[in-house]
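Data from upload-v4.cif: mmCIF, C-alpha atoms and all ligand atoms
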data_protein
loop_
_atom_site.label_atom_id
_atom_site.label_comp_id
_atom_site.auth_asym_id
_atom_site.auth_seq_id
_atom_site.Cartn_x
_atom_site.Cartn_y
_atom_site.Cartn_z
CA MET A 376 0.00 0.00 0.00
CA TYR A 377 1.43 3.37 -0.91
CA LYS A 378 2.31 5.92 1.73
CA ILE A 379 2.18 9.66 1.37
CA ASN A 380 4.90 12.14 2.27
CA GLU A 381 3.61 12.93 5.73
CA ASN A 382 5.86 15.95 6.00
CA TYR A 383 3.22 17.76 3.96
CA LEU A 384 0.83 17.35 6.87
CA ASN A 385 3.07 19.65 8.89
CA LEU A 386 2.40 22.56 6.52
CA GLN A 387 0.30 25.28 8.09
CA GLY A 388 -2.79 26.06 6.00
CA SER A 389 -2.43 26.81 2.30
CA TYR A 390 0.32 28.81 0.62
CA LEU A 391 0.02 32.43 1.82
CA PHE A 392 -0.76 33.99 -1.55
CA SER A 393 -3.27 31.25 -2.41
CA THR A 394 -5.15 32.01 0.82
CA ILE A 395 -5.22 35.70 -0.06
CA ALA A 396 -6.36 35.02 -3.64
CA ARG A 397 -9.21 32.91 -2.28
CA LYS A 398 -10.29 35.62 0.15
CA ILE A 399 -10.29 38.21 -2.66
CA SER A 400 -12.27 35.95 -4.93
CA ASP A 401 -14.87 35.22 -2.21
CA TYR A 402 -15.24 38.93 -1.49
CA GLN A 403 -15.54 39.86 -5.18
CA GLN A 404 -18.15 37.19 -5.77
CA ALA A 405 -20.23 38.50 -2.88
CA ASN A 406 -19.66 42.15 -3.94
CA PRO A 407 -19.35 42.20 -7.75
CA GLU A 408 -19.87 45.97 -7.94
CA LYS A 409 -16.85 46.84 -5.77
CA LYS A 410 -13.52 47.76 -7.36
CA ILE A 411 -10.74 46.01 -5.48
CA ILE A 412 -7.20 47.44 -5.59
CA ARG A 413 -4.63 44.66 -5.27
CA LEU A 414 -1.40 45.56 -3.57
CA GLY A 415 -0.98 42.09 -2.09
CA ILE A 416 1.16 39.65 -4.08
CA GLY A 417 4.20 41.29 -5.61
CA ASP A 418 3.05 40.90 -9.19
CA VAL A 419 4.06 43.54 -11.71
CA THR A 420 1.55 45.52 -13.78
CA GLN A 421 3.60 47.35 -16.42
CA PRO A 422 3.70 45.72 -19.87
CA LEU A 423 6.91 44.10 -21.04
CA ALA A 424 9.47 46.60 -22.35
CA PRO A 425 9.67 47.06 -26.16
CA SER A 426 13.17 45.48 -26.38
CA ILE A 427 11.89 42.36 -24.68
CA ILE A 428 8.84 42.14 -26.91
CA ARG A 429 11.07 42.53 -29.98
CA ALA A 430 13.36 39.75 -28.79
CA LEU A 431 10.38 37.49 -28.16
CA HIS A 432 8.96 38.12 -31.66
CA ASN A 433 12.33 37.50 -33.29
CA ALA A 434 12.84 34.27 -31.35
CA VAL A 435 9.35 33.04 -32.24
CA ASP A 436 10.05 33.73 -35.93
CA GLU A 437 13.39 31.94 -35.68
CA MET A 438 11.69 28.88 -34.23
CA GLY A 439 9.52 28.71 -37.35
CA THR A 440 12.53 28.25 -39.64
CA ALA A 441 14.65 25.17 -40.27
CA GLU A 442 17.87 27.05 -39.44
CA GLY A 443 16.51 28.86 -36.39
CA PHE A 444 14.58 26.04 -34.78
CA HIS A 445 15.76 25.10 -31.27
CA GLY A 446 14.80 21.84 -29.61
CA TYR A 447 16.14 20.80 -26.23
CA GLY A 448 18.68 23.37 -25.13
CA PRO A 449 21.49 23.02 -22.62
CA GLU A 450 19.81 22.33 -19.24
CA GLN A 451 22.03 24.92 -17.57
CA GLY A 452 20.97 27.63 -20.00
CA TYR A 453 22.23 29.04 -23.29
CA ALA A 454 25.74 30.51 -23.29
CA PHE A 455 24.47 33.84 -24.69
CA LEU A 456 22.40 34.43 -21.53
CA ARG A 457 24.89 33.04 -19.02
CA GLU A 458 27.60 35.26 -20.54
CA ALA A 459 25.38 38.36 -20.45
CA ILE A 460 24.52 37.72 -16.79
CA ALA A 461 28.14 37.11 -15.76
CA ALA A 462 29.31 40.28 -17.52
CA ASN A 463 26.51 42.61 -16.38
CA ASP A 464 25.32 41.38 -12.99
CA TYR A 465 28.74 40.30 -11.69
CA GLN A 466 31.93 41.25 -13.52
CA ALA A 467 30.72 44.86 -14.03
CA ARG A 468 30.37 45.04 -10.21
CA GLY A 469 33.78 43.54 -9.56
CA CYS A 470 32.38 40.12 -8.61
CA ASP A 471 34.37 37.08 -9.66
CA ILE A 472 31.64 34.90 -11.20
CA SER A 473 32.02 33.04 -14.49
CA PRO A 474 29.25 32.06 -16.93
CA ASP A 475 29.54 28.34 -16.13
CA GLU A 476 28.73 29.06 -12.47
CA ILE A 477 25.31 30.40 -13.52
CA PHE A 478 22.34 28.04 -13.90
CA ILE A 479 19.33 29.41 -15.79
CA SER A 480 15.89 28.33 -14.59
CA ASP A 481 12.23 29.21 -14.88
CA GLY A 482 12.30 31.45 -11.81
CA ALA A 483 13.83 32.17 -8.44
CA LYS A 484 10.85 30.77 -6.54
CA CYS A 485 11.53 27.28 -7.94
CA ASP A 486 15.25 27.61 -7.27
CA VAL A 487 14.94 28.80 -3.66
CA GLY A 488 12.51 25.93 -3.13
CA ASN A 489 14.59 23.28 -4.90
CA ILE A 490 18.08 24.18 -3.70
CA GLN A 491 17.59 22.48 -0.32
CA GLU A 492 17.47 19.11 -2.14
CA ILE A 493 21.26 19.03 -2.55
CA PHE A 494 21.75 19.27 1.22
CA SER A 495 21.42 16.51 3.79
CA ILE A 496 18.13 16.28 5.65
CA ASP A 497 19.84 16.84 9.00
CA ASN A 498 21.13 20.34 8.21
CA ARG A 499 19.88 22.96 10.63
CA VAL A 500 18.15 25.75 8.74
CA ALA A 501 17.90 29.39 9.79
CA VAL A 502 15.36 31.81 8.37
CA CYS A 503 14.50 35.40 9.07
CA ASP A 504 11.19 36.09 10.76
CA PRO A 505 9.22 37.47 8.92
CA VAL A 506 10.24 35.51 5.83
CA TYR A 507 9.22 34.67 2.26
CA PRO A 508 7.21 31.49 3.01
CA VAL A 509 8.79 29.36 0.25
CA TYR A 510 12.04 28.91 2.24
CA VAL A 511 10.11 27.51 5.21
CA ASP A 512 7.47 25.45 3.40
CA THR A 513 9.95 23.63 1.14
CA ASN A 514 12.02 22.61 4.15
CA VAL A 515 8.83 21.43 5.85
CA MET A 516 7.99 19.32 2.78
CA ALA A 517 11.49 17.83 2.84
CA GLY A 518 11.17 16.87 6.52
CA ARG A 519 13.76 19.25 7.90
CA SER A 520 11.47 21.43 10.02
CA GLY A 521 10.09 19.21 12.77
CA SER A 522 6.56 19.87 13.98
CA TYR A 523 4.77 23.18 14.11
CA SER A 524 4.56 24.68 17.58
CA ALA A 525 1.78 27.15 18.26
CA ALA A 526 3.69 28.27 21.35
CA ILE A 527 6.67 29.53 19.31
CA GLY A 528 4.55 30.36 16.25
CA GLY A 529 6.92 28.32 14.09
CA PHE A 530 8.58 24.95 13.49
CA GLU A 531 10.54 23.26 16.26
CA ASN A 532 13.67 22.46 14.25
CA LEU A 533 14.01 25.72 12.36
CA ILE A 534 16.10 28.54 13.73
CA TYR A 535 14.19 31.81 13.53
CA MET A 536 16.06 35.09 13.35
CA PRO A 537 13.64 37.89 14.25
CA CYS A 538 13.84 41.03 12.11
CA THR A 539 12.25 43.77 14.15
CA GLU A 540 12.14 47.51 14.53
CA ALA A 541 14.73 47.11 17.31
CA ASN A 542 17.37 45.57 15.02
CA GLY A 543 16.46 47.63 11.97
CA PHE A 544 14.98 44.48 10.36
CA VAL A 545 18.46 42.96 9.92
CA PRO A 546 18.87 39.58 11.65
CA GLU A 547 21.39 39.03 14.41
CA PHE A 548 23.54 35.90 14.56
CA PRO A 549 21.42 33.18 16.18
CA LYS A 550 22.41 31.51 19.46
CA GLU A 551 22.69 28.13 17.75
CA VAL A 552 24.90 27.98 14.65
CA PRO A 553 22.88 27.00 11.55
CA ASP A 554 24.17 24.96 8.60
CA LEU A 555 21.98 26.69 6.01
CA ILE A 556 21.07 30.36 6.32
CA TYR A 557 18.45 31.96 4.08
CA LEU A 558 18.92 35.69 3.59
CA CYS A 559 16.99 37.98 1.25
CA PHE A 560 18.04 41.59 0.64
CA PRO A 561 16.46 43.95 -0.28
CA ASN A 562 14.08 42.07 1.92
CA ASN A 563 10.76 40.51 1.16
CA PRO A 564 8.54 41.30 3.05
CA THR A 565 9.97 44.22 5.05
CA GLY A 566 11.44 46.17 2.11
CA MET A 567 14.51 46.86 4.27
CA THR A 568 18.14 46.37 3.26
CA ILE A 569 21.53 45.39 4.63
CA THR A 570 24.74 47.41 4.24
CA LYS A 571 27.77 45.94 2.57
CA SER A 572 29.61 45.72 5.88
CA GLY A 573 26.57 44.09 7.52
CA LEU A 574 26.51 41.46 4.77
CA GLN A 575 30.28 41.02 5.05
CA ASP A 576 29.75 40.10 8.73
CA TRP A 577 27.37 37.33 7.65
CA VAL A 578 29.84 36.06 5.06
CA ASP A 579 32.61 35.98 7.68
CA TYR A 580 30.27 34.19 10.11
CA ALA A 581 29.34 31.56 7.51
CA ASN A 582 32.96 30.95 6.55
CA LEU A 583 33.98 30.68 10.21
CA HIS A 584 31.31 28.06 10.96
CA GLY A 585 31.20 26.18 7.65
CA SER A 586 27.64 27.33 6.94
CA ILE A 587 26.10 28.12 3.56
CA ILE A 588 24.17 31.33 2.90
CA LEU A 589 21.32 30.95 0.42
CA TYR A 590 21.05 34.53 -0.77
CA ASP A 591 17.88 35.65 -2.54
CA ALA A 592 18.68 38.79 -4.53
CA ALA A 593 15.34 38.98 -6.38
CA TYR A 594 14.90 42.68 -5.59
CA GLU A 595 18.42 44.00 -6.20
CA ALA A 596 17.33 46.14 -9.17
CA TYR A 597 15.48 48.43 -6.75
CA ILE A 598 18.61 49.46 -4.86
CA SER A 599 19.56 53.12 -5.20
CA ASP A 600 21.74 53.51 -2.09
CA PRO A 601 25.44 53.03 -3.01
CA ASP A 602 26.15 51.41 0.38
CA VAL A 603 23.71 48.54 -0.28
CA PRO A 604 25.22 45.53 -2.09
CA HIS A 605 23.51 44.17 -5.22
CA SER A 606 25.13 40.77 -4.83
CA ILE A 607 26.60 38.81 -1.94
CA TYR A 608 29.68 38.24 -4.13
CA GLU A 609 30.58 41.89 -3.54
CA CYS A 610 31.73 40.62 -0.12
CA ASP A 611 35.18 39.06 0.35
CA GLY A 612 35.02 35.32 0.84
CA ALA A 613 31.46 34.84 -0.46
CA ARG A 614 32.66 32.35 -3.07
CA THR A 615 33.32 29.83 -0.30
CA CYS A 616 30.01 30.21 1.55
CA ALA A 617 27.22 31.59 -0.66
CA ILE A 618 24.74 30.56 -3.31
CA GLU A 619 22.75 33.39 -4.91
CA MET A 620 19.37 33.38 -6.66
CA HIS A 621 18.01 35.98 -9.04
CA SER A 622 14.69 36.56 -10.69
CA PHE A 623 13.72 38.31 -13.94
CA SER A 624 10.23 38.87 -12.50
CA LYS A 625 10.84 42.01 -10.52
CA ASN A 626 13.53 43.74 -12.58
CA ALA A 627 12.03 43.02 -16.01
CA GLY A 628 8.39 42.05 -15.47
CA PHE A 629 8.79 38.32 -16.28
CA THR A 630 6.23 37.11 -13.69
CA GLY A 631 4.22 35.62 -16.56
CA LEU A 632 7.19 34.65 -18.76
CA ARG A 633 9.23 32.84 -16.05
CA LEU A 634 13.02 33.18 -15.92
CA GLY A 635 15.58 33.20 -13.13
CA TYR A 636 19.02 31.94 -12.28
CA THR A 637 21.14 30.51 -9.49
CA VAL A 638 24.86 31.10 -9.00
CA ILE A 639 26.93 28.29 -7.48
CA PRO A 640 30.63 29.14 -7.28
CA LYS A 641 32.91 26.16 -7.90
CA ASP A 642 34.75 26.95 -4.64
CA LEU A 643 31.85 25.56 -2.58
CA ASN A 644 32.87 22.07 -1.69
CA ARG A 645 32.46 19.63 1.17
CA ASN A 646 34.88 16.70 1.41
CA GLY A 647 35.91 17.13 -2.21
CA VAL A 648 32.35 17.23 -3.59
CA THR A 649 31.33 20.54 -5.13
CA LEU A 650 27.81 21.89 -4.69
CA HIS A 651 28.13 22.99 -8.33
CA SER A 652 28.41 19.35 -9.44
CA LEU A 653 25.38 18.32 -7.35
CA TRP A 654 23.18 21.14 -8.70
CA ASP A 655 24.43 20.45 -12.22
CA ARG A 656 23.42 16.80 -11.80
CA ARG A 657 20.03 17.78 -10.41
CA HIS A 658 19.39 20.31 -13.16
CA GLY A 659 20.34 17.79 -15.86
CA THR A 660 18.07 15.15 -14.39
CA ARG A 661 14.98 17.10 -13.45
CA TYR A 662 14.98 20.00 -15.85
CA ASN A 663 15.19 20.52 -19.61
CA GLY A 664 16.05 24.21 -19.51
CA ALA A 665 14.06 27.43 -19.75
CA PRO A 666 12.45 28.01 -23.18
CA TYR A 667 14.79 29.38 -25.87
CA ILE A 668 12.30 32.16 -26.61
CA VAL A 669 12.26 33.28 -22.99
CA GLN A 670 16.04 33.12 -22.70
CA LYS A 671 16.29 35.38 -25.78
CA ALA A 672 13.95 37.78 -23.99
CA GLY A 673 16.28 37.55 -20.99
CA GLU A 674 19.24 38.44 -23.18
CA ALA A 675 17.41 41.62 -24.26
CA VAL A 676 17.30 42.71 -20.60
CA TYR A 677 21.06 43.29 -20.90
CA SER A 678 20.97 45.22 -24.19
CA GLU A 679 21.65 48.96 -23.90
CA GLN A 680 18.08 49.75 -25.00
CA GLY A 681 16.66 47.14 -22.63
CA LYS A 682 18.59 48.57 -19.69
CA GLN A 683 17.22 52.07 -20.37
CA GLU A 684 13.64 50.83 -20.66
CA LEU A 685 13.87 48.78 -17.47
CA LYS A 686 15.44 51.63 -15.55
CA ALA A 687 12.34 53.66 -16.40
CA GLN A 688 10.08 50.82 -15.28
CA ILE A 689 11.86 50.52 -11.92
CA SER A 690 11.62 54.29 -11.43
CA TYR A 691 7.90 54.05 -12.11
CA TYR A 692 7.42 51.44 -9.36
CA MET A 693 9.72 53.29 -6.98
CA ASN A 694 7.69 56.44 -7.51
CA ASN A 695 4.66 54.41 -6.38
CA ALA A 696 6.65 53.26 -3.34
CA LYS A 697 7.56 56.85 -2.49
CA THR A 698 3.97 58.01 -2.93
CA ILE A 699 2.60 55.29 -0.66
CA ARG A 700 5.37 55.60 1.92
CA GLU A 701 5.25 59.39 2.19
CA GLY A 702 1.44 59.50 2.05
CA LEU A 703 1.04 56.97 4.86
CA SER A 704 3.74 58.65 6.97
CA ALA A 705 1.99 62.01 6.56
CA ALA A 706 -1.25 60.33 7.65
CA GLY A 707 0.44 59.28 10.89
CA TYR A 708 1.35 55.66 10.10
CA THR A 709 4.79 54.25 10.91
CA VAL A 710 6.21 52.82 7.69
CA TYR A 711 9.40 50.99 6.78
CA GLY A 712 10.92 49.90 3.48
CA GLY A 713 9.97 51.36 0.13
CA VAL A 714 13.32 53.14 -0.39
CA ASN A 715 15.54 50.45 -1.93
CA ALA A 716 12.73 47.95 -2.41
CA PRO A 717 9.21 47.80 -3.85
CA TYR A 718 7.62 46.76 -0.53
CA ILE A 719 6.24 49.01 2.18
CA TRP A 720 6.05 47.54 5.67
CA LEU A 721 3.32 49.29 7.54
CA LYS A 722 2.96 49.12 11.32
CA VAL A 723 -0.53 48.15 12.43
CA PRO A 724 -0.16 47.36 16.15
CA GLY A 725 -2.24 44.45 17.37
CA MET A 726 -3.49 43.71 13.85
CA SER A 727 -2.39 41.78 10.81
CA TRP A 728 -5.05 39.47 9.33
CA ASP A 729 -7.63 41.69 11.04
CA PHE A 730 -6.21 44.66 9.16
CA PHE A 731 -6.35 42.64 5.93
CA ASP A 732 -10.06 41.89 6.46
CA TYR A 733 -10.79 45.43 7.58
CA LEU A 734 -9.13 46.99 4.50
CA LEU A 735 -10.75 44.56 2.09
CA ASN A 736 -14.22 44.92 3.58
CA THR A 737 -14.13 48.66 4.19
CA VAL A 738 -12.14 50.23 1.36
CA GLN A 739 -11.46 47.26 -0.94
CA VAL A 740 -7.67 47.51 -0.76
CA VAL A 741 -5.66 44.28 -0.60
CA GLY A 742 -2.27 43.97 1.06
CA THR A 743 -0.50 41.07 2.75
CA PRO A 744 -0.80 40.50 6.50
CA GLY A 745 2.63 40.49 8.15
CA GLN A 746 1.71 37.50 10.25
CA GLY A 747 1.48 35.43 7.05
CA PHE A 748 5.28 35.81 6.79
CA GLY A 749 5.94 34.61 10.34
CA ALA A 750 5.25 35.33 13.99
CA ALA A 751 7.45 38.45 14.05
CA GLY A 752 5.36 39.87 11.19
CA GLU A 753 2.39 40.23 13.54
CA GLY A 754 1.47 43.90 13.87
CA PHE A 755 2.69 44.70 10.34
CA PHE A 756 1.14 44.78 6.90
CA ARG A 757 2.87 44.68 3.50
CA LEU A 758 1.85 46.84 0.55
CA THR A 759 3.50 46.50 -2.84
CA ALA A 760 4.53 49.28 -5.19
CA PHE A 761 3.89 47.06 -8.22
CA GLY A 762 0.41 48.47 -8.95
CA THR A 763 -0.27 51.24 -11.42
CA TYR A 764 0.40 54.78 -10.26
CA GLU A 765 -3.32 55.57 -10.42
CA ASN A 766 -4.21 52.57 -8.25
CA SER A 767 -1.44 53.37 -5.78
CA VAL A 768 -2.77 56.91 -5.36
CA GLU A 769 -6.34 55.65 -5.09
CA ALA A 770 -5.38 52.98 -2.52
CA LEU A 771 -3.56 55.60 -0.48
CA ALA A 772 -6.59 57.90 -0.51
CA ARG A 773 -8.85 55.03 0.54
CA ILE A 774 -6.58 54.01 3.44
CA LYS A 775 -6.30 57.65 4.55
CA SER A 776 -10.08 57.92 4.55
CA LEU A 777 -10.41 55.27 7.29
C1 LIG B 801 5.58 38.17 -3.06
O1 LIG B 801 4.54 38.80 -3.19
O2 LIG B 801 6.11 37.96 -1.97
C2 LIG B 801 6.21 37.62 -4.29
O3 LIG B 801 5.65 38.16 -5.40
C3 LIG B 801 6.02 36.19 -4.37
C4 LIG B 801 6.94 35.61 -5.37
O4 LIG B 801 7.80 36.28 -5.94
O5 LIG B 801 6.81 34.41 -5.56
#
As structure tokens - that is how I would like this structure written.
Amino acid sequence: MYKINENYLNLQGSYLFSTIARKISDYQQANPEKKIIRLGIGDVTQPLAPSIIRALHNAVDEMGTAEGFHGYGPEQGYAFLREAIAANDYQARGCDISPDEIFISDGAKCDVGNIQEIFSIDNRVAVCDPVYPVYVDTNVMAGRSGSYSAAIGGFENLIYMPCTEANGFVPEFPKEVPDLIYLCFPNNPTGMTITKSGLQDWVDYANLHGSIILYDAAYEAYISDPDVPHSIYECDGARTCAIEMHSFSKNAGFTGLRLGYTVIPKDLNRNGVTLHSLWDRRHGTRYNGAPYIVQKAGEAVYSEQGKQELKAQISYYMNNAKTIREGLSAAGYTVYGGVNAPYIWLKVPGMSWDFFDYLLNTVQVVGTPGQGFGAAGEGFFRLTAFGTYENSVEALARIKSL
């Protein structure tokens, strides 16, 4: 008789953004005349940039010719994209990363979820609290988390690193040394960042203890402060302790196209086995590569024209962030984030899901309850800057009217 993976029974409720989508849908069905403004899930709203559209059209046309047709590609990604990433995202910033250390995928969410597979089940995992739920849930599914404890508001075997107002939303080193440490900066959900010297401390800590940092850099394109690192490889020694994941969703609007990548330096090795070789083996076995058409679109992100167009798109979203942040501050709210990141972390003492329900039912604005990201998110509420400018202004006016 077959047995199920009982680790799944440890998961708490449904995936955060699925729960929110269901609540919105229930509300809309009951109130079809109401116009809901969605600033919940961090999904972009601006159309794809012209350079990207052109690259997509060209690649589609190529695929319709005998000479231009592409079947299975290299599982790790086409050289043209890996080379463009290495040159632009790393070498141009002084980071020593080569194209063959970059693995192209269909998105950072899959990679941050899948990467734990190449590590032993008995690794101790540390996550920030609040945290992007994928890091936690995938370790629960794998059986690394232990049981959920209502008393601690988390899983018994995970190490939680609270990110609070008191520590500026940057985690402190935990009491117990973890093997795997998930970090995400600019941070989802708080929208806060870490300085280069702060990140260097984490790199030194990981190298000292033989830990690995799994660094999610999905929001790096939103950084404007020169003191905030775009990549963990800007820090000395990161090649021996860090894996980094990137997304094309937030910097180039690929949420519906799907493209991302993971960097695994060849220096990461345990007892003579490189993590690069394990991920390479996994990728080759489980994955047939991101679509050629989408990788060509990814290449256009690094063209001169593409860079200009995307810079304008990021400025558009960051203007929304500024509008929401300054408007809510002026209305008396305490707000964090929204300066080097497209998320605004709003303080709503004593509320979280209650604030979600209140906003949806009263003014039809959707955000994400902080508590959905972890116990330390209680009393906070996340708004995204990824809406249209008009909707951001309208949402602000509605919240101010409460
Ligand atoms: C979020 O809203 O936290 C993100 O959009 C989710 C994601 O990128 O998967």
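Proximity ranking of A:Ala454, A:Leu555, A:Val741, A:Ala526 relative to ligand LIG 801 (chain B) places A:Val741 first, based on only C-alpha atoms and all ligand atoms.
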Spatial neighbours of A:Val500, max dist 7 Å, all atoms listed in the file, sep filter under 6 positions, as a list of chain:residue names: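 Neighbouring residues, sequence-local ones excluded: A:Leu533, A:Ile534, A:Pro553, A:Asp554, A:Leu555, A:Ile556.
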(27.6, 34.1, -18.6) in this file's frame - what residues fall within 6 Å of it? Use all atoms listed in the file and give the answer as a PyMOL selection string. chain A and resi 456-461+474
Within 7 Å of ligand LIG 801 (chain B) (only C-alpha atoms and all ligand atoms), residues as JSON, numbers by chain: {"A": [415, 416, 417, 418, 484, 507, 563, 564]}
Using all atoms listed in the file, which residues sit within 9 Å of A:Lys671 once same-chain residues fewer than 6 positions away are excluded, as a PyMOL selection string? chain A and resi 427+430-431+433-434+455-456
Write a file of the just-selected residues containing C-alpha atoms, as a tab-separated table (two decimals), keeping the file's coordinate frame.
chain	number	residue	atom	x	y	z
A	427	ILE	CA	11.89	42.36	-24.68
A	430	ALA	CA	13.36	39.75	-28.79
A	431	LEU	CA	10.38	37.49	-28.16
A	433	ASN	CA	12.33	37.50	-33.29
A	434	ALA	CA	12.84	34.27	-31.35
A	455	PHE	CA	24.47	33.84	-24.69
A	456	LEU	CA	22.40	34.43	-21.53
Among listed residues A:Pro601, A:Pro717, A:Gly612, A:Gly702, nearest A:Leu583 (using only C-alpha atoms):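 Of A:Pro601, A:Pro717, A:Gly612, A:Gly702, the one nearest A:Leu583, counting only C-alpha atoms, is A:Gly612.
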Point (19.1, 19.8, -1.9), cut-off 10 Å, counting all atoms listed in the file, residues as a VMD selection string: chain A and resid 488 to 496 514 517 650 653 to 654 657
Can you work out the spacing between atom CA of A:Phe392 and atom CA of A:Gly747 in Å, to one decimal?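 Spanning atom CA of A:Phe392 to atom CA of A:Gly747 is a straight-line distance of 9.0 Å.
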Contacts of A:Asp655 at 9 Å or less, counting all atoms listed in the file, minus same-chain residues fewer than 3 places along, as a list in words?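 In the requested format, the answer is Glu450, Gln451, Phe478, Leu650, His651, Ser652, His658, Gly659 and Thr660 of chain A.
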Quick one: distance from atom CA of A:Thr615 to atom CA of A:Tyr453 in Å, one decimal?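 Those two atoms sit 25.5 Å apart.
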Which residues are near A:Val545? Cut-off 8 Å, only C-alpha atoms, ignore same chain within fewer than 5 positions. Put them as a list in words. Cys538, Thr539, Met567, Thr568 and Ile569 of chain A
